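Text of run-v2.pdb (PDB, C-alpha atoms, pLDDT in the B column) as supplied:
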ATOM      1  CA  MET R 344      28.281  52.119  13.976  1.00 69.00           C
ATOM      2  CA  PRO R 345      25.794  52.029  16.883  1.00 86.00           C
ATOM      3  CA  GLY R 346      22.165  51.765  15.847  1.00 92.00           C
ATOM      4  CA  THR R 347      18.809  49.995  16.147  1.00 96.00           C
ATOM      5  CA  VAL R 348      17.644  46.957  14.159  1.00 97.00           C
ATOM      6  CA  ILE R 349      14.537  47.972  12.207  1.00 97.00           C
ATOM      7  CA  ASP R 350      14.182  44.947   9.885  1.00 97.00           C
ATOM      8  CA  ILE R 351      15.643  41.451   9.534  1.00 98.00           C
ATOM      9  CA  LYS R 352      15.590  40.244   5.919  1.00 98.00           C
ATOM     10  CA  VAL R 353      16.787  36.638   6.481  1.00 98.00           C
ATOM     11  CA  LYS R 354      16.197  33.697   8.802  1.00 97.00           C
ATOM     12  CA  VAL R 355      18.268  30.665   9.819  1.00 98.00           C
ATOM     13  CA  GLY R 356      18.667  28.273   6.901  1.00 97.00           C
ATOM     14  CA  ASP R 357      18.299  30.898   4.157  1.00 97.00           C
ATOM     15  CA  GLU R 358      20.756  30.760   1.256  1.00 97.00           C
ATOM     16  CA  VAL R 359      22.311  34.174   0.563  1.00 98.00           C
ATOM     17  CA  LYS R 360      24.475  35.553  -2.231  1.00 98.00           C
ATOM     18  CA  LYS R 361      27.256  38.101  -1.834  1.00 97.00           C
ATOM     19  CA  GLY R 362      25.630  41.541  -1.533  1.00 97.00           C
ATOM     20  CA  SER R 363      22.210  40.217  -0.425  1.00 97.00           C
ATOM     21  CA  PRO R 364      20.488  42.431   2.176  1.00 98.00           C
ATOM     22  CA  LEU R 365      20.569  40.832   5.632  1.00 97.00           C
ATOM     23  CA  VAL R 366      19.535  43.426   8.221  1.00 96.00           C
ATOM     24  CA  VAL R 367      18.378  47.058   8.110  1.00 96.00           C
ATOM     25  CA  LEU R 368      19.739  49.351  10.827  1.00 95.00           C
ATOM     26  CA  SER R 369      18.743  52.857  11.818  1.00 96.00           C
ATOM     27  CA  ALA R 370      21.769  54.873  12.874  1.00 88.00           C
ATOM     28  CA  MET R 371      22.016  58.638  13.311  1.00 87.00           C
ATOM     29  CA  LYS R 372      18.592  59.085  11.630  1.00 87.00           C
ATOM     30  CA  MET R 373      19.736  57.171   8.524  1.00 94.00           C
ATOM     31  CA  GLU R 374      18.865  53.667   7.374  1.00 95.00           C
ATOM     32  CA  MET R 375      21.781  51.368   6.614  1.00 93.00           C
ATOM     33  CA  VAL R 376      21.501  47.929   4.983  1.00 95.00           C
ATOM     34  CA  VAL R 377      23.958  45.278   6.154  1.00 94.00           C
ATOM     35  CA  GLN R 378      24.850  43.138   3.131  1.00 96.00           C
ATOM     36  CA  SER R 379      26.214  39.610   2.918  1.00 97.00           C
ATOM     37  CA  PRO R 380      30.005  39.557   2.510  1.00 96.00           C
ATOM     38  CA  CYS R 381      29.890  36.154   0.745  1.00 97.00           C
ATOM     39  CA  ASP R 382      27.699  33.405  -0.681  1.00 98.00           C
ATOM     40  CA  GLY R 383      26.508  30.956   1.968  1.00 98.00           C
ATOM     41  CA  LYS R 384      23.831  29.732   4.347  1.00 98.00           C
ATOM     42  CA  VAL R 385      22.636  31.692   7.400  1.00 98.00           C
ATOM     43  CA  THR R 386      23.459  29.605  10.495  1.00 98.00           C
ATOM     44  CA  THR R 387      22.464  32.001  13.292  1.00 97.00           C
ATOM     45  CA  VAL R 388      20.579  35.291  13.625  1.00 97.00           C
ATOM     46  CA  ASP R 389      21.789  36.981  16.811  1.00 97.00           C
ATOM     47  CA  VAL R 390      19.586  40.097  16.736  1.00 96.00           C
ATOM     48  CA  THR R 391      15.885  40.874  17.113  1.00 96.00           C
ATOM     49  CA  LYS R 392      13.796  43.732  15.768  1.00 97.00           C
ATOM     50  CA  ASP R 393      14.199  46.969  17.783  1.00 96.00           C
ATOM     51  CA  MET R 394      17.414  45.661  19.414  1.00 96.00           C
ATOM     52  CA  LYS R 395      20.075  48.300  20.085  1.00 96.00           C
ATOM     53  CA  LEU R 396      23.533  47.482  18.691  1.00 94.00           C
ATOM     54  CA  GLU R 397      27.055  48.734  19.210  1.00 92.00           C
ATOM     55  CA  GLY R 398      29.721  48.771  16.510  1.00 84.00           C
ATOM     56  CA  ASP R 399      31.249  45.376  17.330  1.00 90.00           C
ATOM     57  CA  ASP R 400      28.070  43.352  18.084  1.00 93.00           C
ATOM     58  CA  LEU R 401      27.495  40.091  16.206  1.00 94.00           C
ATOM     59  CA  VAL R 402      24.467  40.375  13.893  1.00 95.00           C
ATOM     60  CA  LEU R 403      24.385  36.901  12.323  1.00 96.00           C
ATOM     61  CA  SER R 404      26.599  34.056  11.140  1.00 97.00           C
ATOM     62  CA  ILE R 405      26.961  32.686   7.612  1.00 97.00           C
ATOM     63  CA  ASP R 406      28.497  29.349   6.622  1.00 97.00           C
ATOM     64  CA  PRO R 407      30.393  30.260   3.415  1.00 95.00           C
ATOM     65  CA  GLN R 408      29.953  28.096   0.326  1.00 87.00           C
TER      66      GLN R 408
END

Mind turning the file's structure into structure tokens?
Amino acid sequence: MPGTVIDIKVKVGDEVKKGSPLVVLSAMKMEMVVQSPCDGKVTTVDVTKDMKLEGDDLVLSIDPQ
């Protein structure tokens, strides 16, 4: 869903668990939290605060563990 990044909860090198909040998006006047799909380590963060996103944009990468 297209939206705007309003908060980034992780940084490169952070360990995350499945379901951990990663990024908060504002879309259609609603806030949506993007959650981790797996346990792992954040390898890249490809967005910045206030960045506009489309539905298929890469937000970040996780190395699964």

**Study point:** Top pick for closest residue to R:Val377, considering R:Gln408, R:Val355, R:Pro345, R:Val402 and counting all atoms listed in the file
**Key:**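 So, comparing all the options, the nearest one is R:Val402.
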
Exercise for review: Taking the file above as input, evaluate the PyMOL selection byres ((chain R and resi 361) around 12) and report the hits as a list in words.
Suggested key: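 When the PyMOL selection byres ((chain R and resi 361) around 12) is applied to the shown file, the picked residues are Glu358, Val359, Lys360, Gly362, Ser363, Pro364, Leu365, Val377, Gln378, Ser379, Pro380, Cys381, Asp382, Gly383, Lys384, Ile405, Pro407 and Gln408 of chain R.
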
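Relative to atom CA of R:Ser404, atom CA of R:Ser369 is found at 20.4 Å.
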
Point to revise | Top pick for closest residue to R:Met375, considering R:Asp357, R:Asp399, R:Asp393, R:Asp350 and counting only C-alpha atoms | key: R:Asp350

**Study point:** Distance of atom CA of R:Lys392 from atom CA of R:Lys372, expressed in Å to one decimal place
**Key:**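 Computing it gives 16.6 Å between the two atoms.
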
Practice item. For R:Lys395, list every protein, DNA or RNA residue within 10 Å, evaluated using only C-alpha atoms, and leave out those in the same chain fewer than 2 positions away; present the list as a PyMOL selection string. Key: chain R and resi 345-349+368-370+390-393+397+400

How would the residues just picked look written out with C-alpha atoms as a PDB file, keeping the file's coordinate frame?
ATOM      1  CA  PRO R 345      25.794  52.029  16.883  1.00 86.00           C
ATOM      2  CA  GLY R 346      22.165  51.765  15.847  1.00 92.00           C
ATOM      3  CA  THR R 347      18.809  49.995  16.147  1.00 96.00           C
ATOM      4  CA  VAL R 348      17.644  46.957  14.159  1.00 97.00           C
ATOM      5  CA  ILE R 349      14.537  47.972  12.207  1.00 97.00           C
ATOM      6  CA  LEU R 368      19.739  49.351  10.827  1.00 95.00           C
ATOM      7  CA  SER R 369      18.743  52.857  11.818  1.00 96.00           C
ATOM      8  CA  ALA R 370      21.769  54.873  12.874  1.00 88.00           C
ATOM      9  CA  VAL R 390      19.586  40.097  16.736  1.00 96.00           C
ATOM     10  CA  THR R 391      15.885  40.874  17.113  1.00 96.00           C
ATOM     11  CA  LYS R 392      13.796  43.732  15.768  1.00 97.00           C
ATOM     12  CA  ASP R 393      14.199  46.969  17.783  1.00 96.00           C
ATOM     13  CA  GLU R 397      27.055  48.734  19.210  1.00 92.00           C
ATOM     14  CA  ASP R 400      28.070  43.352  18.084  1.00 93.00           C
TER      15      ASP R 400
END

**Study point:** Residue with smallest distance to R:Val366 - pool R:Leu401, R:Val385, R:Lys352, R:Asp406, counting all atoms listed in the file
**Key:**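 Selected residue with least distance to R:Val366: R:Lys352.
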
File output, stretch 375-407 of chain R (N, CA and C atoms) as an mmCIF file, in the first residue's frame:
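The file below, part.cif, is the result:
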data_model
loop_
_atom_site.group_PDB
_atom_site.id
_atom_site.type_symbol
_atom_site.label_atom_id
_atom_site.label_comp_id
_atom_site.auth_asym_id
_atom_site.auth_seq_id
_atom_site.Cartn_x
_atom_site.Cartn_y
_atom_site.Cartn_z
ATOM 1 N N MET R 375 0.266 2.234 9.999
ATOM 2 C CA MET R 375 0.422 0.804 9.808
ATOM 3 C C MET R 375 1.841 0.426 10.212
ATOM 4 N N VAL R 376 1.984 -0.597 11.061
ATOM 5 C CA VAL R 376 3.296 -1.045 11.509
ATOM 6 C C VAL R 376 3.722 -2.234 10.654
ATOM 7 N N VAL R 377 4.899 -2.116 10.040
ATOM 8 C CA VAL R 377 5.474 -3.228 9.289
ATOM 9 C C VAL R 377 6.239 -4.081 10.287
ATOM 10 N N GLN R 378 5.885 -5.374 10.369
ATOM 11 C CA GLN R 378 6.492 -6.275 11.337
ATOM 12 C C GLN R 378 7.467 -7.231 10.661
ATOM 13 N N SER R 379 8.417 -7.716 11.447
ATOM 14 C CA SER R 379 9.407 -8.660 10.933
ATOM 15 C C SER R 379 8.737 -9.993 10.595
ATOM 16 N N PRO R 380 9.016 -10.527 9.412
ATOM 17 C CA PRO R 380 8.428 -11.817 9.032
ATOM 18 C C PRO R 380 9.182 -13.014 9.626
ATOM 19 N N CYS R 381 10.370 -12.758 10.221
ATOM 20 C CA CYS R 381 11.193 -13.852 10.741
ATOM 21 C C CYS R 381 12.192 -13.323 11.765
ATOM 22 N N ASP R 382 12.821 -14.244 12.496
ATOM 23 C CA ASP R 382 13.939 -13.880 13.358
ATOM 24 C C ASP R 382 15.143 -13.599 12.474
ATOM 25 N N GLY R 383 15.995 -12.652 12.871
ATOM 26 C CA GLY R 383 17.194 -12.391 12.084
ATOM 27 C C GLY R 383 17.880 -11.106 12.471
ATOM 28 N N LYS R 384 18.802 -10.691 11.607
ATOM 29 C CA LYS R 384 19.597 -9.479 11.824
ATOM 30 C C LYS R 384 19.342 -8.528 10.658
ATOM 31 N N VAL R 385 19.081 -7.255 10.976
ATOM 32 C CA VAL R 385 18.829 -6.245 9.942
ATOM 33 C C VAL R 385 20.147 -5.960 9.217
ATOM 34 N N THR R 386 20.150 -6.157 7.882
ATOM 35 C CA THR R 386 21.366 -5.943 7.099
ATOM 36 C C THR R 386 21.355 -4.620 6.342
ATOM 37 N N THR R 387 20.185 -4.157 5.930
ATOM 38 C CA THR R 387 20.076 -2.849 5.278
ATOM 39 C C THR R 387 18.759 -2.195 5.673
ATOM 40 N N VAL R 388 18.768 -0.867 5.754
ATOM 41 C CA VAL R 388 17.541 -0.080 5.907
ATOM 42 C C VAL R 388 17.504 0.836 4.688
ATOM 43 N N ASP R 389 16.523 0.608 3.816
ATOM 44 C CA ASP R 389 16.473 1.279 2.519
ATOM 45 C C ASP R 389 15.497 2.445 2.459
ATOM 46 N N VAL R 390 15.007 2.877 3.630
ATOM 47 C CA VAL R 390 14.075 4.014 3.676
ATOM 48 C C VAL R 390 14.589 5.054 4.668
ATOM 49 N N THR R 391 14.059 6.262 4.553
ATOM 50 C CA THR R 391 14.347 7.336 5.502
ATOM 51 C C THR R 391 13.015 7.912 5.975
ATOM 52 N N LYS R 392 13.055 8.599 7.103
ATOM 53 C CA LYS R 392 11.841 9.214 7.631
ATOM 54 C C LYS R 392 11.287 10.209 6.614
ATOM 55 N N ASP R 393 9.982 10.237 6.481
ATOM 56 C CA ASP R 393 9.224 11.103 5.562
ATOM 57 C C ASP R 393 9.341 10.694 4.090
ATOM 58 N N MET R 394 9.962 9.551 3.817
ATOM 59 C CA MET R 394 10.077 9.047 2.439
ATOM 60 C C MET R 394 8.722 8.505 1.980
ATOM 61 N N LYS R 395 8.366 8.790 0.746
ATOM 62 C CA LYS R 395 7.127 8.271 0.160
ATOM 63 C C LYS R 395 7.412 6.903 -0.460
ATOM 64 N N LEU R 396 6.522 5.940 -0.209
ATOM 65 C CA LEU R 396 6.695 4.577 -0.701
ATOM 66 C C LEU R 396 5.526 4.153 -1.568
ATOM 67 N N GLU R 397 5.818 3.255 -2.484
ATOM 68 C CA GLU R 397 4.795 2.576 -3.275
ATOM 69 C C GLU R 397 4.671 1.158 -2.726
ATOM 70 N N GLY R 398 3.710 0.412 -3.209
ATOM 71 C CA GLY R 398 3.424 -0.911 -2.673
ATOM 72 C C GLY R 398 4.536 -1.930 -2.799
ATOM 73 N N ASP R 399 5.401 -1.802 -3.808
ATOM 74 C CA ASP R 399 6.437 -2.825 -4.014
ATOM 75 C C ASP R 399 7.845 -2.329 -3.685
ATOM 76 N N ASP R 400 7.984 -1.206 -2.979
ATOM 77 C CA ASP R 400 9.298 -0.672 -2.618
ATOM 78 C C ASP R 400 9.942 -1.507 -1.506
ATOM 79 N N LEU R 401 11.261 -1.650 -1.575
ATOM 80 C CA LEU R 401 12.015 -2.364 -0.556
ATOM 81 C C LEU R 401 12.173 -1.452 0.657
ATOM 82 N N VAL R 402 11.814 -1.950 1.840
ATOM 83 C CA VAL R 402 11.901 -1.172 3.072
ATOM 84 C C VAL R 402 13.208 -1.459 3.786
ATOM 85 N N LEU R 403 13.515 -2.748 4.001
ATOM 86 C CA LEU R 403 14.775 -3.152 4.610
ATOM 87 C C LEU R 403 15.029 -4.622 4.323
ATOM 88 N N SER R 404 16.234 -5.075 4.649
ATOM 89 C CA SER R 404 16.597 -6.476 4.442
ATOM 90 C C SER R 404 16.968 -7.101 5.779
ATOM 91 N N ILE R 405 16.581 -8.363 5.951
ATOM 92 C CA ILE R 405 16.896 -9.118 7.159
ATOM 93 C C ILE R 405 17.590 -10.408 6.757
ATOM 94 N N ASP R 406 18.699 -10.710 7.444
ATOM 95 C CA ASP R 406 19.393 -11.987 7.267
ATOM 96 C C ASP R 406 18.753 -12.963 8.255
ATOM 97 N N PRO R 407 17.969 -13.936 7.762
ATOM 98 C CA PRO R 407 17.264 -14.850 8.675
ATOM 99 C C PRO R 407 18.229 -15.722 9.483
#
